[in-house]
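Okay, model.txt now, which holds compact mmCIF, C-alpha atoms:
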```txt
# COMPACT_ATOMS: atom_id res chain seq x y z
CA MET A 1 9.55 -17.62 19.37
CA SER A 2 7.33 -17.12 16.31
CA GLU A 3 8.02 -18.02 12.71
CA CYS A 4 8.06 -15.22 10.15
CA LEU A 5 6.68 -15.42 6.64
CA ASN A 6 10.19 -15.83 5.28
CA GLY A 7 10.95 -18.71 7.64
CA SER A 8 13.21 -16.77 10.00
CA GLN A 9 12.56 -16.51 13.72
CA LYS A 10 11.50 -13.50 15.77
CA THR A 11 11.42 -13.12 19.53
CA GLU A 12 8.19 -12.15 21.23
CA CYS A 13 7.68 -8.45 21.85
CA VAL A 14 8.13 -7.30 25.46
CA CYS A 15 6.68 -3.97 26.57
CA PHE A 16 8.47 -1.74 29.07
CA PHE A 17 7.38 0.95 31.45
CA GLU A 18 10.12 3.05 33.12
CA GLY A 19 12.64 0.44 32.03
CA LYS A 20 10.69 -2.53 33.41
CA PRO A 21 8.50 -5.04 31.59
CA CYS A 22 4.90 -3.84 31.57
CA ILE A 23 2.95 -7.04 32.24
CA ILE A 24 -0.47 -5.37 32.00
CA GLU A 25 0.23 -3.80 28.62
CA ALA A 26 1.75 -7.03 27.34
CA PHE A 27 -1.34 -8.92 28.53
CA PHE A 28 -3.70 -6.63 26.66
CA ARG A 29 -1.55 -6.71 23.52
CA ILE A 30 -1.80 -10.48 23.47
CA PHE A 31 -5.37 -11.11 24.60
CA ALA A 32 -7.37 -7.97 23.75
CA PRO A 33 -9.45 -8.13 20.55
CA MET A 34 -7.39 -7.01 17.58
CA LYS A 35 -8.37 -3.62 16.17
CA ILE A 36 -8.16 -3.66 12.38
CA ALA A 37 -8.65 -0.75 9.99
CA PHE A 38 -9.26 -1.00 6.25
CA LEU A 39 -8.13 2.13 4.40
CA ILE A 40 -9.76 2.41 0.98
CA SER A 41 -9.14 4.89 -1.82
CA ALA A 42 -11.86 5.08 -4.47
CA PHE A 43 -12.87 7.19 -7.44
CA THR A 44 -15.32 4.98 -9.35
CA ASP A 45 -17.84 2.13 -9.12
CA ALA A 46 -19.84 2.99 -5.99
CA PRO A 47 -21.90 -0.25 -6.23
CA HIS A 48 -18.79 -2.39 -5.94
CA LEU A 49 -17.42 -0.22 -3.13
CA LYS A 50 -20.60 -1.00 -1.19
CA LEU A 51 -20.01 -4.75 -1.63
CA LEU A 52 -16.41 -4.34 -0.47
CA VAL A 53 -17.40 -2.39 2.63
CA GLU A 54 -20.15 -4.85 3.52
CA ALA A 55 -17.61 -7.68 3.34
CA LEU A 56 -15.15 -5.89 5.65
CA GLN A 57 -17.12 -3.86 8.17
CA ASP A 58 -17.64 -6.76 10.59
CA VAL A 59 -13.89 -7.45 10.56
CA GLY A 60 -12.68 -3.93 11.29
CA GLU A 61 -13.35 -0.23 10.83
CA VAL A 62 -13.52 1.02 7.24
CA PHE A 63 -12.12 4.43 6.30
CA ILE A 64 -12.67 5.80 2.79
CA HIS A 65 -11.03 8.52 0.73
CA ILE A 66 -12.90 9.62 -2.37
CA ASP A 67 -10.81 11.33 -5.03
CA ALA A 68 -11.68 15.05 -4.95
CA ASN A 69 -11.76 15.02 -8.76
CA VAL A 70 -15.16 13.29 -8.57
CA SER A 71 -18.37 13.87 -6.63
CA GLU A 72 -18.58 12.13 -3.28
CA GLU A 73 -22.39 12.00 -3.33
CA PRO A 74 -22.84 8.71 -5.27
CA PHE A 75 -20.51 6.97 -2.83
CA ARG A 76 -22.16 8.39 0.29
CA SER A 77 -25.56 7.45 -1.13
CA ALA A 78 -24.48 3.89 -1.97
CA LEU A 79 -22.88 3.38 1.46
CA ALA A 80 -25.59 5.10 3.52
CA THR A 81 -26.58 1.86 5.24
CA THR A 82 -22.99 0.82 6.04
CA ARG A 83 -20.70 1.82 8.90
CA ALA A 84 -17.96 3.18 6.64
CA ARG A 85 -16.35 6.48 7.59
CA PHE A 86 -15.48 8.99 4.87
CA ILE A 87 -12.44 11.11 5.70
CA GLU A 88 -12.94 14.85 5.38
CA HIS A 89 -9.50 15.67 3.98
CA ARG A 90 -9.94 14.89 0.28
CA VAL A 91 -7.15 15.07 -2.28
CA LYS A 92 -7.36 15.68 -6.02
CA VAL A 93 -5.49 12.61 -7.12
CA MET A 94 -2.98 12.56 -9.97
CA TRP A 95 -1.73 9.03 -10.62
CA GLY A 96 1.98 8.58 -9.96
CA SER A 97 2.24 11.81 -7.97
CA TYR A 98 2.83 12.74 -4.33
CA ARG A 99 -0.90 13.40 -4.01
CA GLN A 100 -1.35 9.67 -3.54
CA VAL A 101 0.99 9.75 -0.54
CA GLU A 102 -1.09 12.59 0.89
CA PHE A 103 -4.32 10.60 0.92
CA GLN A 104 -2.49 7.52 2.25
CA MET A 105 -1.27 9.58 5.21
CA GLU A 106 -4.68 11.13 5.84
CA LEU A 107 -6.28 7.69 5.88
CA ILE A 108 -3.65 6.51 8.39
CA ARG A 109 -4.23 9.63 10.51
CA ALA A 110 -7.97 8.94 10.61
CA ALA A 111 -7.55 5.26 11.54
CA LEU A 112 -4.95 5.40 14.31
CA PRO A 113 -4.70 4.02 16.92
CA CYS A 114 -5.19 0.43 15.84
CA ASP A 115 -3.29 -2.86 15.59
CA TYR A 116 -3.28 -3.35 11.82
CA LEU A 117 -4.03 -1.12 8.85
CA PHE A 118 -4.76 -2.47 5.36
CA MET A 119 -4.21 -0.18 2.37
CA LEU A 120 -6.73 -1.15 -0.32
CA SER A 121 -8.37 0.23 -3.44
CA GLY A 122 -12.09 0.59 -4.01
CA GLN A 123 -11.92 -2.18 -6.62
CA ASP A 124 -10.55 -4.87 -4.30
CA TYR A 125 -12.55 -7.72 -2.81
CA PRO A 126 -11.66 -10.12 0.01
CA VAL A 127 -10.87 -13.69 -0.99
CA TRP A 128 -10.58 -14.89 2.60
CA LYS A 129 -13.39 -14.89 5.11
CA GLY A 130 -13.09 -12.31 7.89
CA LYS A 131 -12.36 -14.88 10.60
CA GLN A 132 -9.47 -16.24 8.54
CA ILE A 133 -7.97 -12.77 8.15
CA VAL A 134 -8.18 -12.09 11.89
CA LYS A 135 -6.76 -15.49 12.78
CA TYR A 136 -3.81 -15.01 10.46
CA LEU A 137 -3.02 -11.58 11.88
CA GLU A 138 -3.22 -12.92 15.42
CA GLU A 139 -0.82 -15.74 14.55
CA HIS A 140 1.62 -13.24 12.97
CA ARG A 141 1.06 -10.31 15.32
CA GLY A 142 3.80 -7.71 15.00
CA GLU A 143 4.77 -8.60 11.44
CA ASN A 144 4.28 -6.17 8.56
CA PHE A 145 2.93 -7.41 5.25
CA LEU A 146 4.93 -4.76 3.44
CA GLN A 147 7.19 -6.06 0.70
CA ALA A 148 9.88 -4.13 -1.18
CA MET A 149 13.20 -4.29 -2.99
CA SER A 150 16.10 -1.86 -2.75
CA LEU A 151 16.81 0.02 -5.96
CA ILE A 152 20.47 0.54 -5.07
CA GLY A 153 22.71 -1.30 -7.54
CA ARG A 154 19.83 -2.44 -9.70
CA PRO A 155 20.14 -2.36 -13.53
CA ARG A 156 18.94 0.69 -15.47
CA GLU A 157 15.69 -0.95 -16.59
CA ASP A 158 14.69 -1.24 -12.92
CA THR A 159 15.68 2.29 -11.90
CA ARG A 160 15.24 4.58 -14.90
CA GLU A 161 11.83 5.95 -13.91
CA TYR A 162 13.07 6.57 -10.36
CA THR A 163 16.11 8.58 -11.50
CA ARG A 164 13.93 10.95 -13.52
CA TYR A 165 12.75 14.11 -11.82
CA ARG A 166 8.97 14.44 -12.13
CA PHE A 167 8.60 18.21 -12.03
CA LEU A 168 5.06 19.65 -12.05
CA ASN A 169 3.72 16.18 -11.26
CA ASN A 170 1.27 17.34 -8.60
CA TYR A 171 -0.77 19.37 -11.06
CA VAL A 172 -3.89 17.54 -12.17
CA TRP A 173 -3.30 17.88 -15.90
CA HIS A 174 -5.10 15.12 -17.73
CA TYR A 175 -3.12 12.88 -20.05
CA GLY A 176 -3.10 14.06 -23.65
CA THR A 177 -3.61 17.75 -22.85
CA TRP A 178 -0.92 20.21 -23.94
CA LYS A 179 0.08 20.81 -20.30
CA SER A 180 0.54 17.10 -19.70
CA ARG A 181 2.58 16.76 -22.91
CA MET A 182 4.72 19.73 -21.83
CA ARG A 183 5.38 18.04 -18.49
CA VAL A 184 6.47 14.82 -20.19
CA ALA A 185 8.68 16.73 -22.64
CA LEU A 186 10.38 18.55 -19.78
CA ARG A 187 11.15 15.22 -18.13
CA HIS A 188 12.85 13.88 -21.26
CA VAL A 189 14.78 17.10 -21.94
CA LEU A 190 16.24 17.15 -18.43
CA GLU A 191 16.98 13.43 -18.17
CA PRO A 192 20.50 13.50 -19.70
CA PHE A 193 21.58 16.34 -17.42
CA LEU A 194 19.78 15.76 -14.15
CA LYS A 195 19.56 12.41 -12.36
CA LYS A 196 17.57 11.90 -9.19
CA PRO A 197 19.69 9.99 -6.63
CA LEU A 198 18.49 6.66 -5.30
CA GLU A 199 20.52 7.21 -2.11
CA PHE A 200 20.25 10.62 -0.48
CA SER A 201 20.39 12.64 2.75
CA ALA A 202 17.31 14.22 4.30
CA ASP A 203 16.56 15.55 7.77
CA GLY A 204 19.90 14.40 9.17
CA ARG A 205 19.67 10.82 7.89
CA ARG A 206 20.88 8.78 4.94
CA TRP A 207 18.17 7.03 2.97
CA GLN A 208 18.08 4.35 0.30
CA LEU A 209 15.07 4.10 -2.00
CA TYR A 210 12.89 0.99 -1.76
CA LYS A 211 10.13 0.03 -4.19
CA GLY A 212 6.99 -1.96 -3.43
CA SER A 213 3.25 -1.72 -4.03
CA ASP A 214 0.41 0.58 -2.97
CA TYR A 215 -1.36 -2.34 -1.29
CA PHE A 216 -0.13 -3.74 2.02
CA ALA A 217 -0.94 -4.23 5.70
CA ILE A 218 1.20 -2.71 8.46
CA THR A 219 1.10 -2.59 12.23
CA GLY A 220 -0.16 0.41 14.12
CA GLU A 221 3.37 1.00 15.41
CA LEU A 222 4.82 1.27 11.91
CA ALA A 223 1.87 3.36 10.71
CA ALA A 224 2.34 5.82 13.58
CA TYR A 225 6.07 6.05 12.84
CA VAL A 226 5.47 6.67 9.13
CA LEU A 227 2.88 9.37 9.88
CA LYS A 228 5.23 11.07 12.37
CA THR A 229 8.00 11.03 9.76
CA TYR A 230 5.62 12.50 7.17
CA ASP A 231 4.63 15.30 9.56
CA GLU A 232 8.12 16.10 10.86
CA SER A 233 10.53 15.41 7.96
CA PRO A 234 10.04 18.14 5.32
CA ALA A 235 13.25 17.38 3.42
CA LEU A 236 12.30 13.72 3.04
CA CYS A 237 8.85 14.71 1.76
CA ARG A 238 10.42 17.12 -0.74
CA TYR A 239 12.43 14.24 -2.21
CA PHE A 240 9.24 12.30 -2.94
CA LYS A 241 7.26 15.27 -4.27
CA ASN A 242 9.04 15.06 -7.62
CA SER A 243 9.50 11.29 -7.67
CA PHE A 244 7.89 8.56 -9.75
CA ALA A 245 4.96 6.73 -8.10
CA PRO A 246 5.87 7.69 -4.51
CA SER A 247 2.84 5.82 -3.14
CA GLU A 248 4.86 2.68 -4.00
CA THR A 249 8.05 3.92 -2.32
CA PHE A 250 7.33 6.36 0.53
CA VAL A 251 6.13 3.98 3.26
CA HIS A 252 8.55 1.30 2.08
CA THR A 253 11.58 3.59 2.17
CA ILE A 254 10.80 4.72 5.72
CA ALA A 255 10.20 1.17 6.93
CA PHE A 256 13.24 -0.45 5.34
CA ASN A 257 15.62 2.31 6.44
CA THR A 258 14.55 1.84 10.07
CA PRO A 259 16.07 -1.38 11.48
CA GLU A 260 13.39 -1.99 14.11
CA PHE A 261 10.77 -2.16 11.34
CA ALA A 262 12.86 -3.49 8.46
CA SER A 263 13.36 -6.77 10.31
CA LYS A 264 9.57 -7.20 10.47
CA CYS A 265 8.91 -6.52 6.78
CA ILE A 266 9.45 -8.62 3.66
CA LEU A 267 12.61 -7.87 1.68
CA SER A 268 12.87 -9.00 -1.92
CA ASN A 269 16.46 -9.21 -3.12
CA PRO A 270 16.47 -10.74 -6.61
CA PRO A 271 19.73 -11.52 -8.39
CA LEU A 272 20.91 -8.86 -10.82
CA GLY A 273 19.24 -9.32 -14.16
CA GLU A 274 16.14 -10.91 -12.62
CA ARG A 275 13.15 -8.62 -12.54
CA ILE A 276 10.31 -8.98 -10.06
CA PRO A 277 6.84 -8.25 -11.49
CA LEU A 278 4.92 -5.69 -9.45
CA GLU A 279 2.29 -8.30 -8.57
CA GLU A 280 5.01 -10.21 -6.70
CA LEU A 281 5.69 -7.11 -4.59
CA THR A 282 2.01 -7.07 -3.60
CA PRO A 283 1.99 -9.60 -0.76
CA LEU A 284 -1.72 -9.71 0.10
CA THR A 285 -3.52 -8.87 -3.13
CA TYR A 286 -3.90 -10.90 -6.33
CA ILE A 287 -3.43 -8.56 -9.31
CA VAL A 288 -2.66 -9.19 -12.97
CA TYR A 289 -0.70 -6.32 -14.51
CA ASP A 290 -0.64 -5.97 -18.29
CA ARG A 291 -0.88 -2.77 -20.27
CA LYS A 292 -3.65 -2.07 -17.82
CA ILE A 293 -4.79 -3.95 -14.74
CA HIS A 294 -6.79 -7.00 -15.76
CA GLU A 295 -10.50 -6.91 -14.84
CA LEU A 296 -11.25 -10.14 -12.99
CA THR A 297 -13.99 -12.60 -13.91
CA LEU A 298 -15.07 -16.03 -12.72
CA HIS A 299 -12.49 -17.53 -15.11
CA ASP A 300 -9.76 -16.08 -12.87
CA LEU A 301 -10.95 -17.96 -9.79
CA PRO A 302 -8.49 -20.91 -10.13
CA ALA A 303 -5.52 -18.51 -10.33
CA ILE A 304 -6.86 -16.46 -7.42
CA LYS A 305 -7.24 -19.61 -5.38
CA ALA A 306 -3.73 -20.80 -6.30
CA SER A 307 -2.22 -17.48 -5.18
CA GLY A 308 -3.52 -17.96 -1.64
CA LYS A 309 -3.78 -14.18 -1.23
CA MET A 310 -6.29 -12.39 1.00
CA PHE A 311 -7.67 -9.96 -1.59
CA CYS A 312 -8.07 -9.69 -5.34
CA ARG A 313 -8.14 -6.72 -7.70
CA LYS A 314 -9.49 -5.40 -10.12
CA CYS A 315 -13.20 -6.08 -9.59
CA VAL A 316 -15.71 -4.19 -11.72
CA THR A 317 -19.49 -4.09 -11.53
CA GLY A 318 -20.99 -5.89 -14.54
CA VAL A 319 -17.71 -7.70 -15.26
CA SER A 320 -16.82 -9.38 -11.97
CA ASP A 321 -20.33 -10.11 -10.67
CA GLU A 322 -20.13 -13.91 -10.94
CA LEU A 323 -16.73 -13.93 -9.25
CA ILE A 324 -17.95 -11.72 -6.41
CA ASN A 325 -21.01 -13.93 -5.88
CA LYS A 326 -18.79 -17.01 -5.73
CA LEU A 327 -16.43 -15.41 -3.21
CA LEU A 328 -19.32 -14.05 -1.18
CA ASN A 329 -21.05 -17.40 -0.93
CA ASP A 330 -18.05 -19.70 -0.62
CA GLY A 331 -14.90 -17.81 0.31
CA LEU A 332 -11.54 -19.54 0.12
CA ALA A 333 -9.36 -21.09 2.78
CA GLY A 334 -6.64 -18.78 4.06
CA CYS A 335 -3.31 -20.19 2.88
CA LEU A 336 -1.00 -17.21 2.42
CA SER A 337 2.54 -18.25 1.56
CA LEU A 338 5.11 -15.81 0.27
CA THR A 339 8.18 -18.00 0.37
CA ASN A 340 7.94 -19.05 -3.28
CA ASN A 341 8.30 -15.56 -4.70
CA VAL A 342 10.29 -13.70 -2.06
CA HIS A 343 14.06 -13.43 -2.11
CA THR A 344 14.77 -12.75 1.56
CA ARG A 345 17.75 -11.30 3.36
```
Can the structure in the file be given as structure tokens, please?
Amino acid sequence: MSECLNGSQKTECVCFFEGKPCIIEAFFRIFAPMKIAFLISAFTDAPHLKLLVEALQDVGEVFIHIDANVSEEPFRSALATTRARFIEHRVKVMWGSYRQVEFQMELIRAALPCDYLFMLSGQDYPVWKGKQIVKYLEEHRGENFLQAMSLIGRPREDTREYTRYRFLNNYVWHYGTWKSRMRVALRHVLEPFLKKPLEFSADGRRWQLYKGSDYFAITGELAAYVLKTYDESPALCRYFKNSFAPSETFVHTIAFNTPEFASKCILSNPPLGERIPLEELTPLTYIVYDRKIHELTLHDLPAIKASGKMFCRKCVTGVSDELINKLLNDGLAGCLSLTNNVHTR
């Protein structure tokens, strides 16, 4: 038996071939070196992206998506001496739109097969040393560091954005332009008459909507299942194409509506009236959300250390340099513990 992050117990995985335990496959799953992939989306700050890649490339393979709204050349130039792999399928990203799901899926497609996949941003930086990350994954092999809460039955302040249809959301219309203002106005005009359901049918299944964060780590098995669902479930994808921030719900909804994976993820179930900040749905990454994401400095190191998380965000060249140097030279002991802020099943 192995202990889960929420304190419950899981049985060891047993592989089967033609209905019989496959001892050879089980042996290699346990003793073969773990294959880890870091999936990074970036659109700015090529110098910091280089530091991030250099910190990760000896731990696992690094796959990078560069927003098609910007030139890829500065990033390729900055990373020329690294082993990072740029994916060819580039997406013009519009924040909060289905386009973010598209690049997530293309990153997963490029990285499979592997044991674990980390979804990161180009402004993250590892807090733990590489050996600590690998050791932790080995000790918790088979678990998914994907955290979410069901939106069913939640108060209106938790669900309002998710019950609004986001028509025209995939068009890259910059905020403040007349087209963007028209899109927002349409949303408000339709809201009293048209509510997007939080529980729905698609492709012969009933689904409930789950909300989490863009940043997580999942097993290769779950990643392959999510990608297969993305490729083969057009009705499900249509639901998310006019949804709010689907990069924070798509993977989570698939995982938590599939019992074999839901039991290996992290469910937050706060009492009604108690809201969970988004940073508490981000199990591996230290983030401070305010009106905008806080840019980290050396002054944030005590809080980063206290969080025990593997990564931190948002790191910016010229702002976070002292912090990065401290983490690069010292690193912090791996001490991830989610039990204090997770309301489990």
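Counting all atoms listed in the file, the residue from A:Leu267, A:Ala55, A:Ala217, A:Ala111 that sits nearest to Ala37 of chain A is A:Ala111.
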Would you write out, as CSV, a table of all residues in segment 226-266 of chain A that have an atom no more than 12 Å from an atom of segment 271-291 of chain A, listing for each the closest atom pair and the distance in Å to one decimal, considering all atoms listed in the file and ordering rows by chain and rising residue number?
```
residue,atom,partner,partner_atom,distance
A:Glu248,CA,A:Leu281,CA,9.8
A:Thr249,CA,A:Leu281,CA,11.5
A:His252,CA,A:Leu281,CA,11.1
A:Cys265,CA,A:Pro283,CA,10.7
A:Ile266,CA,A:Pro283,CA,8.7
```
Dump as an mmCIF file, keeping the file's coordinate frame, selection limited to C-alpha atoms:
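Below is the file part-v5.cif, written as the result:
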```cif
data_model
loop_
_atom_site.group_PDB
_atom_site.id
_atom_site.type_symbol
_atom_site.label_atom_id
_atom_site.label_comp_id
_atom_site.auth_asym_id
_atom_site.auth_seq_id
_atom_site.Cartn_x
_atom_site.Cartn_y
_atom_site.Cartn_z
ATOM 1 C CA GLU A 248 4.860 2.680 -4.000
ATOM 2 C CA THR A 249 8.050 3.920 -2.320
ATOM 3 C CA HIS A 252 8.550 1.300 2.080
ATOM 4 C CA CYS A 265 8.910 -6.520 6.780
ATOM 5 C CA ILE A 266 9.450 -8.620 3.660
#
```
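For the pair atom CA of Val62 of chain A and atom CA of Asn329 of chain A, the separation is 21.5 Å.
For the set A:Gly142, A:Thr219, A:Glu199, A:Val59, the residue with the smallest atom-to-atom gap to Lys129 of chain A is A:Val59, counting all atoms listed in the file.
By only C-alpha atoms, and with residues fewer than 4 positions from segment 234-238 of chain A along its chain excluded, the set lying at most 10 Å from it is Tyr98, Val101, Phe200, Ser201, Ala202, Asp203, Gly204, Arg205, Trp207, Thr229, Tyr230, Asn242, Ser243, Pro246, Phe250 and Ile254 of chain A.
Among the candidates A:Pro126, A:Gly60, A:Gly153, A:Gly308, the residue lying nearest to Gln208 of chain A is A:Gly153 (atoms considered: only C-alpha atoms).
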Box along x, y and z, 4 Å on every side, all listed atoms of segment 100-104 of chain A inside: centre and edge lengths in Å to one decimal, as JSON.
```
{"center_x": -1.7, "center_y": 10.1, "center_z": -0.6, "size_x": 13.3, "size_y": 13.1, "size_z": 13.8}
```
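Between atom CA of Phe63 of chain A and atom CA of Ala262 of chain A the separation is 26.3 Å.
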* Ser121 of chain A: which residues within 12 Å, counting all atoms listed in the file, same-chain residues fewer than 4 positions away excluded, as a PyMOL selection string? -> chain A and resi 38-45+48-49+52-53+62-67+100+103-104+125-126+213-216+285+287+311-316
* Structure fact -> Across A:Arg90, A:Lys305, A:Lys35, A:Arg109, the smallest distance to Val226 of chain A, with only C-alpha atoms counted, is shown by A:Arg109
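Ranking A:Tyr210, A:Ala223, A:Ile218, A:Phe86 by their shortest atom-to-atom distance to His140 of chain A, with all atoms listed in the file included, puts A:Ile218 first.
Take atom CA of Gln57 of chain A and atom CA of Gly130 of chain A: the distance between them is 9.4 Å.
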* **segment 73-79 of chain A surroundings by all atoms listed in the file, 7 Å radius, close-in-sequence under 4 positions cut, as a ChimeraX atom specification** => /A:46-47,50
* Residue nearest Lys309 of chain A among A:Trp128, A:Phe145, A:Phe261, A:Phe240 (counting only C-alpha atoms) -> A:Trp128
